[in-house]
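Q: Supplied structure: query-v1.pdb, PDB, C-alpha atoms.
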ATOM      1  CA  MET J   1       9.195  14.793  19.854  1.00  0.00           C
ATOM      2  CA  LEU J   2      11.375  15.345  16.786  1.00  0.00           C
ATOM      3  CA  ILE J   3      14.431  13.214  15.989  1.00  0.00           C
ATOM      4  CA  ASP J   4      16.831  14.226  13.235  1.00  0.00           C
ATOM      5  CA  LEU J   5      17.661  11.148  11.156  1.00  0.00           C
ATOM      6  CA  SER J   6      20.112  13.023   8.906  1.00  0.00           C
ATOM      7  CA  VAL J   7      23.832  12.442   9.224  1.00  0.00           C
ATOM      8  CA  LYS J   8      25.797  15.589  10.018  1.00  0.00           C
ATOM      9  CA  VAL J   9      28.424  16.092   7.335  1.00  0.00           C
ATOM     10  CA  THR J  10      31.578  17.713   8.661  1.00  0.00           C
ATOM     11  CA  ARG J  11      34.433  19.011   6.521  1.00  0.00           C
ATOM     12  CA  GLN J  12      36.429  15.898   7.454  1.00  0.00           C
ATOM     13  CA  ALA J  13      33.550  13.549   6.602  1.00  0.00           C
ATOM     14  CA  ASP J  14      33.142  15.332   3.257  1.00  0.00           C
ATOM     15  CA  LYS J  15      36.853  14.932   2.535  1.00  0.00           C
ATOM     16  CA  ASP J  16      36.834  11.273   3.608  1.00  0.00           C
ATOM     17  CA  ALA J  17      33.711  10.475   1.600  1.00  0.00           C
ATOM     18  CA  HIS J  18      35.104  12.002  -1.581  1.00  0.00           C
ATOM     19  CA  GLY J  19      38.391  10.167  -1.048  1.00  0.00           C
ATOM     20  CA  ASN J  20      36.838   6.766  -0.346  1.00  0.00           C
ATOM     21  CA  GLU J  21      33.834   6.463  -2.622  1.00  0.00           C
ATOM     22  CA  LYS J  22      33.863   7.330  -6.318  1.00  0.00           C
ATOM     23  CA  GLN J  23      30.039   7.671  -6.398  1.00  0.00           C
ATOM     24  CA  VAL J  24      29.977  10.467  -3.816  1.00  0.00           C
ATOM     25  CA  SER J  25      29.105  13.677  -5.540  1.00  0.00           C
ATOM     26  CA  PHE J  26      27.243  16.790  -4.563  1.00  0.00           C
ATOM     27  CA  GLY J  27      23.916  14.936  -4.774  1.00  0.00           C
ATOM     28  CA  HIS J  28      25.100  11.791  -2.984  1.00  0.00           C
ATOM     29  CA  LEU J  29      26.809  13.327   0.038  1.00  0.00           C
ATOM     30  CA  GLY J  30      25.396  12.608   3.491  1.00  0.00           C
ATOM     31  CA  THR J  31      21.753  11.599   3.874  1.00  0.00           C
ATOM     32  CA  HIS J  32      20.224  11.556   0.407  1.00  0.00           C
ATOM     33  CA  PHE J  33      17.602  10.059  -1.893  1.00  0.00           C
ATOM     34  CA  ASP J  34      18.700   7.974  -4.827  1.00  0.00           C
ATOM     35  CA  VAL J  35      16.051   9.194  -7.247  1.00  0.00           C
ATOM     36  CA  MET J  36      17.963   8.009 -10.289  1.00  0.00           C
ATOM     37  CA  ASP J  37      16.130   9.390 -13.337  1.00  0.00           C
ATOM     38  CA  LYS J  38      12.828  10.071 -11.553  1.00  0.00           C
ATOM     39  CA  GLU J  39      11.189  13.118 -10.026  1.00  0.00           C
ATOM     40  CA  PHE J  40      10.664  13.184  -6.271  1.00  0.00           C
ATOM     41  CA  PRO J  41       6.921  13.587  -5.531  1.00  0.00           C
ATOM     42  CA  LEU J  42       6.076  16.378  -3.097  1.00  0.00           C
ATOM     43  CA  ALA J  43       3.561  14.058  -1.421  1.00  0.00           C
ATOM     44  CA  PHE J  44       6.521  11.977  -0.210  1.00  0.00           C
ATOM     45  CA  THR J  45       7.699  14.815   2.072  1.00  0.00           C
ATOM     46  CA  ARG J  46       5.311  13.444   4.706  1.00  0.00           C
ATOM     47  CA  ARG J  47       4.972   9.686   5.135  1.00  0.00           C
ATOM     48  CA  GLU J  48       3.772   7.366   7.846  1.00  0.00           C
ATOM     49  CA  GLY J  49       6.839   5.417   8.845  1.00  0.00           C
ATOM     50  CA  ILE J  50       7.939   2.199  10.441  1.00  0.00           C
ATOM     51  CA  ALA J  51      11.445   1.459  11.680  1.00  0.00           C
ATOM     52  CA  PHE J  52      12.909  -2.013  12.140  1.00  0.00           C
ATOM     53  CA  ASP J  53      15.880  -2.925  14.315  1.00  0.00           C
ATOM     54  CA  VAL J  54      17.931  -5.470  12.354  1.00  0.00           C
ATOM     55  CA  SER J  55      21.209  -4.682  14.114  1.00  0.00           C
ATOM     56  CA  GLY J  56      21.535  -8.271  15.321  1.00  0.00           C
ATOM     57  CA  VAL J  57      21.794  -9.667  11.782  1.00  0.00           C
ATOM     58  CA  GLU J  58      25.420 -10.354  10.891  1.00  0.00           C
ATOM     59  CA  GLY J  59      27.272 -12.338   8.262  1.00  0.00           C
ATOM     60  CA  ARG J  60      24.372 -12.483   5.801  1.00  0.00           C
ATOM     61  CA  ASP J  61      21.833 -10.321   4.024  1.00  0.00           C
ATOM     62  CA  ILE J  62      18.923  -8.959   6.037  1.00  0.00           C
ATOM     63  CA  GLY J  63      15.913 -10.939   4.888  1.00  0.00           C
ATOM     64  CA  THR J  64      12.178 -11.292   5.220  1.00  0.00           C
ATOM     65  CA  ARG J  65      12.532 -13.618   8.215  1.00  0.00           C
ATOM     66  CA  ASP J  66      14.300 -10.835  10.151  1.00  0.00           C
ATOM     67  CA  VAL J  67      11.317  -8.463  10.195  1.00  0.00           C
ATOM     68  CA  ASP J  68       7.565  -8.677  10.568  1.00  0.00           C
ATOM     69  CA  LEU J  69       6.178  -6.993   7.466  1.00  0.00           C
ATOM     70  CA  GLU J  70       2.548  -7.455   8.563  1.00  0.00           C
ATOM     71  CA  PRO J  71       2.178  -3.844   9.837  1.00  0.00           C
ATOM     72  CA  VAL J  72       3.746  -2.329   6.698  1.00  0.00           C
ATOM     73  CA  GLU J  73       1.187  -0.377   4.696  1.00  0.00           C
ATOM     74  CA  ALA J  74       1.168   1.098   1.207  1.00  0.00           C
ATOM     75  CA  GLY J  75       2.887   4.471   0.974  1.00  0.00           C
ATOM     76  CA  MET J  76       5.002   3.988   4.093  1.00  0.00           C
ATOM     77  CA  PHE J  77       8.591   4.993   4.773  1.00  0.00           C
ATOM     78  CA  ALA J  78      10.302   1.766   5.899  1.00  0.00           C
ATOM     79  CA  ALA J  79      13.571   2.388   7.788  1.00  0.00           C
ATOM     80  CA  PHE J  80      16.141  -0.219   8.788  1.00  0.00           C
ATOM     81  CA  ARG J  81      18.534   0.207  11.688  1.00  0.00           C
ATOM     82  CA  THR J  82      21.529  -2.011  11.003  1.00  0.00           C
ATOM     83  CA  GLY J  83      23.657  -0.144  13.547  1.00  0.00           C
ATOM     84  CA  PHE J  84      26.427   0.161  10.970  1.00  0.00           C
ATOM     85  CA  ILE J  85      26.649   3.968  11.057  1.00  0.00           C
ATOM     86  CA  GLU J  86      27.041   3.670  14.843  1.00  0.00           C
ATOM     87  CA  ARG J  87      30.023   1.311  14.446  1.00  0.00           C
ATOM     88  CA  GLU J  88      31.706   2.738  11.359  1.00  0.00           C
ATOM     89  CA  SER J  89      32.033   6.470  10.789  1.00  0.00           C
ATOM     90  CA  TYR J  90      30.361   7.959   7.739  1.00  0.00           C
ATOM     91  CA  GLY J  91      32.896   8.628   5.003  1.00  0.00           C
ATOM     92  CA  THR J  92      35.424   5.876   5.728  1.00  0.00           C
ATOM     93  CA  ARG J  93      36.333   3.246   3.126  1.00  0.00           C
ATOM     94  CA  ALA J  94      34.839   0.498   5.310  1.00  0.00           C
ATOM     95  CA  TYR J  95      31.617   2.486   5.586  1.00  0.00           C
ATOM     96  CA  PHE J  96      31.151   2.373   1.811  1.00  0.00           C
ATOM     97  CA  THR J  97      32.413  -1.159   1.176  1.00  0.00           C
ATOM     98  CA  GLY J  98      31.480  -3.287   4.195  1.00  0.00           C
ATOM     99  CA  HIS J  99      27.940  -2.243   5.065  1.00  0.00           C
ATOM    100  CA  PRO J 100      25.042  -4.675   5.557  1.00  0.00           C
ATOM    101  CA  GLN J 101      22.638  -5.346   2.700  1.00  0.00           C
ATOM    102  CA  LEU J 102      18.923  -5.940   2.390  1.00  0.00           C
ATOM    103  CA  SER J 103      18.188  -9.152   0.503  1.00  0.00           C
ATOM    104  CA  ASP J 104      16.565  -8.992  -2.905  1.00  0.00           C
ATOM    105  CA  ALA J 105      13.621 -10.930  -1.428  1.00  0.00           C
ATOM    106  CA  LEU J 106      13.136  -8.321   1.334  1.00  0.00           C
ATOM    107  CA  ILE J 107      13.333  -5.451  -1.146  1.00  0.00           C
ATOM    108  CA  ASP J 108      10.784  -7.181  -3.397  1.00  0.00           C
ATOM    109  CA  ALA J 109       8.494  -7.821  -0.409  1.00  0.00           C
ATOM    110  CA  LEU J 110       8.630  -4.107   0.483  1.00  0.00           C
ATOM    111  CA  LEU J 111       7.823  -3.192  -3.122  1.00  0.00           C
ATOM    112  CA  GLU J 112       4.881  -5.620  -3.090  1.00  0.00           C
ATOM    113  CA  LYS J 113       3.621  -3.933   0.091  1.00  0.00           C
ATOM    114  CA  GLY J 114       3.697  -0.629  -1.797  1.00  0.00           C
ATOM    115  CA  VAL J 115       6.141   1.330   0.375  1.00  0.00           C
ATOM    116  CA  SER J 116       7.227   4.654  -1.064  1.00  0.00           C
ATOM    117  CA  ILE J 117      10.604   5.009   0.662  1.00  0.00           C
ATOM    118  CA  ILE J 118      13.179   2.519   1.961  1.00  0.00           C
ATOM    119  CA  GLY J 119      15.738   4.030   4.329  1.00  0.00           C
ATOM    120  CA  VAL J 120      18.956   2.538   5.696  1.00  0.00           C
ATOM    121  CA  ASP J 121      21.597   3.676   8.156  1.00  0.00           C
ATOM    122  CA  CYS J 122      24.405   2.707   5.799  1.00  0.00           C
ATOM    123  CA  ALA J 123      25.642   3.444   2.282  1.00  0.00           C
ATOM    124  CA  GLY J 124      22.980   1.510   0.390  1.00  0.00           C
ATOM    125  CA  VAL J 125      20.544  -1.370   0.257  1.00  0.00           C
ATOM    126  CA  ARG J 126      23.114  -3.307  -1.809  1.00  0.00           C
ATOM    127  CA  ARG J 127      26.908  -3.016  -2.199  1.00  0.00           C
ATOM    128  CA  GLY J 128      29.309  -2.680  -5.092  1.00  0.00           C
ATOM    129  CA  GLY J 129      28.031  -3.416  -8.579  1.00  0.00           C
ATOM    130  CA  GLU J 130      24.540  -4.194  -7.247  1.00  0.00           C
ATOM    131  CA  HIS J 131      24.093  -0.759  -5.639  1.00  0.00           C
ATOM    132  CA  THR J 132      23.086   1.422  -8.584  1.00  0.00           C
ATOM    133  CA  PRO J 133      21.023  -1.222 -10.441  1.00  0.00           C
ATOM    134  CA  LYS J 134      18.976  -1.916  -7.285  1.00  0.00           C
ATOM    135  CA  ASP J 135      18.391   1.815  -6.743  1.00  0.00           C
ATOM    136  CA  GLN J 136      17.170   2.061 -10.357  1.00  0.00           C
ATOM    137  CA  TYR J 137      15.035  -1.074  -9.938  1.00  0.00           C
ATOM    138  CA  CYS J 138      13.264   0.551  -6.982  1.00  0.00           C
ATOM    139  CA  ALA J 139      12.970   3.989  -8.632  1.00  0.00           C
ATOM    140  CA  ASP J 140      11.409   2.376 -11.707  1.00  0.00           C
ATOM    141  CA  ARG J 141       8.689   1.101  -9.373  1.00  0.00           C
ATOM    142  CA  GLY J 142       8.124   4.499  -7.737  1.00  0.00           C
ATOM    143  CA  VAL J 143      10.113   3.689  -4.586  1.00  0.00           C
ATOM    144  CA  PHE J 144      13.066   5.771  -3.468  1.00  0.00           C
ATOM    145  CA  ILE J 145      16.040   4.717  -1.363  1.00  0.00           C
ATOM    146  CA  ILE J 146      17.352   7.011   1.378  1.00  0.00           C
ATOM    147  CA  GLU J 147      20.904   6.262   2.432  1.00  0.00           C
ATOM    148  CA  ASN J 148      22.973   7.289   5.449  1.00  0.00           C
ATOM    149  CA  LEU J 149      20.242   7.721   8.047  1.00  0.00           C
ATOM    150  CA  CYS J 150      21.287   8.027  11.693  1.00  0.00           C
ATOM    151  CA  ASN J 151      19.708   8.075  15.170  1.00  0.00           C
ATOM    152  CA  LEU J 152      17.421   5.154  14.362  1.00  0.00           C
ATOM    153  CA  GLY J 153      18.357   3.611  17.720  1.00  0.00           C
ATOM    154  CA  GLU J 154      16.949   6.669  19.457  1.00  0.00           C
ATOM    155  CA  LEU J 155      13.817   6.419  17.341  1.00  0.00           C
ATOM    156  CA  LEU J 156      13.367   2.733  18.219  1.00  0.00           C
ATOM    157  CA  GLY J 157      14.040   3.277  21.932  1.00  0.00           C
ATOM    158  CA  GLY J 158      15.090  -0.333  22.504  1.00  0.00           C
ATOM    159  CA  GLU J 159      12.095  -1.808  20.649  1.00  0.00           C
ATOM    160  CA  LYS J 160      12.297  -4.018  17.544  1.00  0.00           C
ATOM    161  CA  THR J 161       9.871  -1.776  15.636  1.00  0.00           C
ATOM    162  CA  ALA J 162       8.552   1.749  15.997  1.00  0.00           C
ATOM    163  CA  ARG J 163       5.974   3.849  14.178  1.00  0.00           C
ATOM    164  CA  PHE J 164       6.664   7.491  13.348  1.00  0.00           C
ATOM    165  CA  VAL J 165       5.851  10.238  10.890  1.00  0.00           C
ATOM    166  CA  ALA J 166       8.698  10.921   8.466  1.00  0.00           C
ATOM    167  CA  ARG J 167       9.205  14.428   7.193  1.00  0.00           C
ATOM    168  CA  THR J 168      11.689  14.439   4.348  1.00  0.00           C
ATOM    169  CA  PHE J 169      12.851  17.489   2.466  1.00  0.00           C
ATOM    170  CA  PRO J 170      15.145  16.934  -0.515  1.00  0.00           C
ATOM    171  CA  VAL J 171      17.004  19.750  -2.198  1.00  0.00           C
ATOM    172  CA  ASN J 172      15.240  20.781  -5.423  1.00  0.00           C
ATOM    173  CA  PHE J 173      17.987  19.719  -7.849  1.00  0.00           C
ATOM    174  CA  ASP J 174      17.247  18.810 -11.455  1.00  0.00           C
ATOM    175  CA  GLY J 175      18.974  16.179 -13.556  1.00  0.00           C
ATOM    176  CA  MET J 176      20.804  14.527 -10.641  1.00  0.00           C
ATOM    177  CA  THR J 177      20.612  10.901  -9.506  1.00  0.00           C
ATOM    178  CA  GLY J 178      20.848  11.850  -5.833  1.00  0.00           C
ATOM    179  CA  LEU J 179      19.132  14.521  -3.766  1.00  0.00           C
ATOM    180  CA  PRO J 180      20.598  15.515  -0.389  1.00  0.00           C
ATOM    181  CA  CYS J 181      17.821  15.685   2.161  1.00  0.00           C
ATOM    182  CA  ARG J 182      16.932  16.327   5.760  1.00  0.00           C
ATOM    183  CA  VAL J 183      14.884  13.563   7.358  1.00  0.00           C
ATOM    184  CA  VAL J 184      13.101  14.236  10.642  1.00  0.00           C
ATOM    185  CA  ALA J 185      11.035  11.678  12.562  1.00  0.00           C
ATOM    186  CA  GLU J 186       8.056  12.862  14.550  1.00  0.00           C
ATOM    187  CA  VAL J 187       7.194  10.482  17.380  1.00  0.00           C
ATOM    188  CA  ASP J 188       4.497  10.514  20.010  1.00  0.00           C
ATOM    189  CA  ASP J 189       5.923  11.612  23.366  1.00  0.00           C
ATOM    190  CA  GLY J 190       3.417   9.467  25.242  1.00  0.00           C
TER     191      GLY J 190
END
With the file now loaded, output its structure as structure tokens.
A:
Amino acid sequence: MLIDLSVKVTRQADKDAHGNEKQVSFGHLGTHFDVMDKEFPLAFTRREGIAFDVSGVEGRDIGTRDVDLEPVEAGMFAAFRTGFIERESYGTRAYFTGHPQLSDALIDALLEKGVSIIGVDCAGVRRGGEHTPKDQYCADRGVFIIENLCNLGELLGGEKTARFVARTFPVNFDGMTGLPCRVVAEVDDG
């Protein structure tokens, strides 16, 4: 079974996003990679993936105690369902300013595990002035952030974790810090 994890950008969402977030540009609209100043490797278009449901974490950063990182393997696509995109529409001011964050310790633990992609169903792994530096920090270590995923609840199917194959196809832009992409999860029907 295939599940589209890419947010659908409508004309209204495009208008709202451009009106509410100064960083939204052609490369940062909708579901996208923050590649910063790096080149996206073609090998990353297919990754073994693991999704975590962290939607119950509120009022603090999502940390290492909120997920079991034992099954995370090098090269994986690690996705986090915060549930934020289900509660707050993509493009609104609150969507860009009030989203959950992954803790620095969790991000470092994922980097130590050797993941290749970290995906979130919100506007970033960190907010405000920490957003871009953390994206660069990850990119400098060969790890890319995908923002604005959706349908992770469907992928998880009520479980706390789920394995899948991630197929990710970024637009072949050059010289941009963000690459719009389509992310599709392939899950076993059985």
Q: List, as a PDB file with C-alpha atoms, in the coordinates of the input, every residue that the PyMOL selection byres ((chain J and resi 59) around 12) selects in the file provided.
A:
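Saved as result_37.pdb:
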ATOM      1  CA  SER J  55      21.209  -4.682  14.114  1.00  0.00           C
ATOM      2  CA  GLY J  56      21.535  -8.271  15.321  1.00  0.00           C
ATOM      3  CA  VAL J  57      21.794  -9.667  11.782  1.00  0.00           C
ATOM      4  CA  GLU J  58      25.420 -10.354  10.891  1.00  0.00           C
ATOM      5  CA  ARG J  60      24.372 -12.483   5.801  1.00  0.00           C
ATOM      6  CA  ASP J  61      21.833 -10.321   4.024  1.00  0.00           C
ATOM      7  CA  ILE J  62      18.923  -8.959   6.037  1.00  0.00           C
ATOM      8  CA  GLY J  63      15.913 -10.939   4.888  1.00  0.00           C
ATOM      9  CA  GLY J  98      31.480  -3.287   4.195  1.00  0.00           C
ATOM     10  CA  HIS J  99      27.940  -2.243   5.065  1.00  0.00           C
ATOM     11  CA  PRO J 100      25.042  -4.675   5.557  1.00  0.00           C
ATOM     12  CA  GLN J 101      22.638  -5.346   2.700  1.00  0.00           C
TER      13      GLN J 101
END
Q: Run the PyMOL selection byres ((chain J and resi 115) around 9) against the file shown and list the residues it catches, as JSON, numbers by chain.
A: {"J": [72, 73, 74, 75, 76, 77, 78, 110, 111, 112, 113, 114, 116, 117, 118, 142, 143]}
Q: Check what the PyMOL selection byres ((chain J and resi 157) around 12) selects in the file above and give those residues as an MDAnalysis selection string.
A: chainID J and resid 3 51:53 81 151:156 158:163 187 189
Q: Could you work out how far CA of Asp121 in chain J lies from CA of Val171 in chain J, giving the answer in Å with one decimal?
A: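 Between these atoms lies a distance of 19.7 Å.
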Q: Take CA of Arg46 in chain J and CA of Phe84 in chain J and report the distance between them in Å, one decimal.
A: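 That distance, rounded to one decimal, is 25.7 Å.
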Q: Find the spatial neighbours of Asn148 in chain J, counting all atoms listed in the file, within a cut-off of 12 Å - ignore same-chain residues fewer than 3 positions away - and output them as a ChimeraX atom specification.
A: /J:5-9,17,28-34,79-86,88-91,95-96,99,118-125,145,151-152,180-183
Q: Check the smallest atom-to-atom distance from each of J:Leu69, J:Ile146, J:Ala105, J:Val165 to Arg47 in chain J using all atoms listed in the file, then report the winner.
A: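 Closest residue, counting all atoms listed in the file: J:Val165.
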Q: Counting all atoms listed in the file, which of J:Asp66, J:Asp188, J:Asp37, J:Glu48 gets nearest to Asp140 in chain J?
A: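 Closest candidate: J:Asp37.
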Q: One decimal, in Å: what's the spacing between CA of Leu102 in chain J and CA of Thr64 in chain J?
A: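 Those two atoms sit 9.1 Å apart.
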Q: Choose the residue, out of J:Glu147, J:Asp104, J:Asp68, J:Glu186, that has the smallest atom-to-atom separation from Pro133 in chain J; count only C-alpha atoms.
A: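 For Pro133 in chain J, the nearest of the candidates is J:Asp104.
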Q: Please report, as AutoDock Vina command-line options, the centre and edge lengths in Å to one decimal of an axis-aligned box covering all listed atoms of range 82-88 of chain J with 3 Å per side.
A:
--center_x 26.6 --center_y 1.0 --center_z 12.9 --size_x 16.2 --size_y 12.0 --size_z 9.9
Q: Could you check the closest approach to Ala185 in chain J for each of J:Ala94, J:Leu106, J:Ala43, J:Ala166 and tell me which residue wins, using only C-alpha atoms?
A: J:Ala166
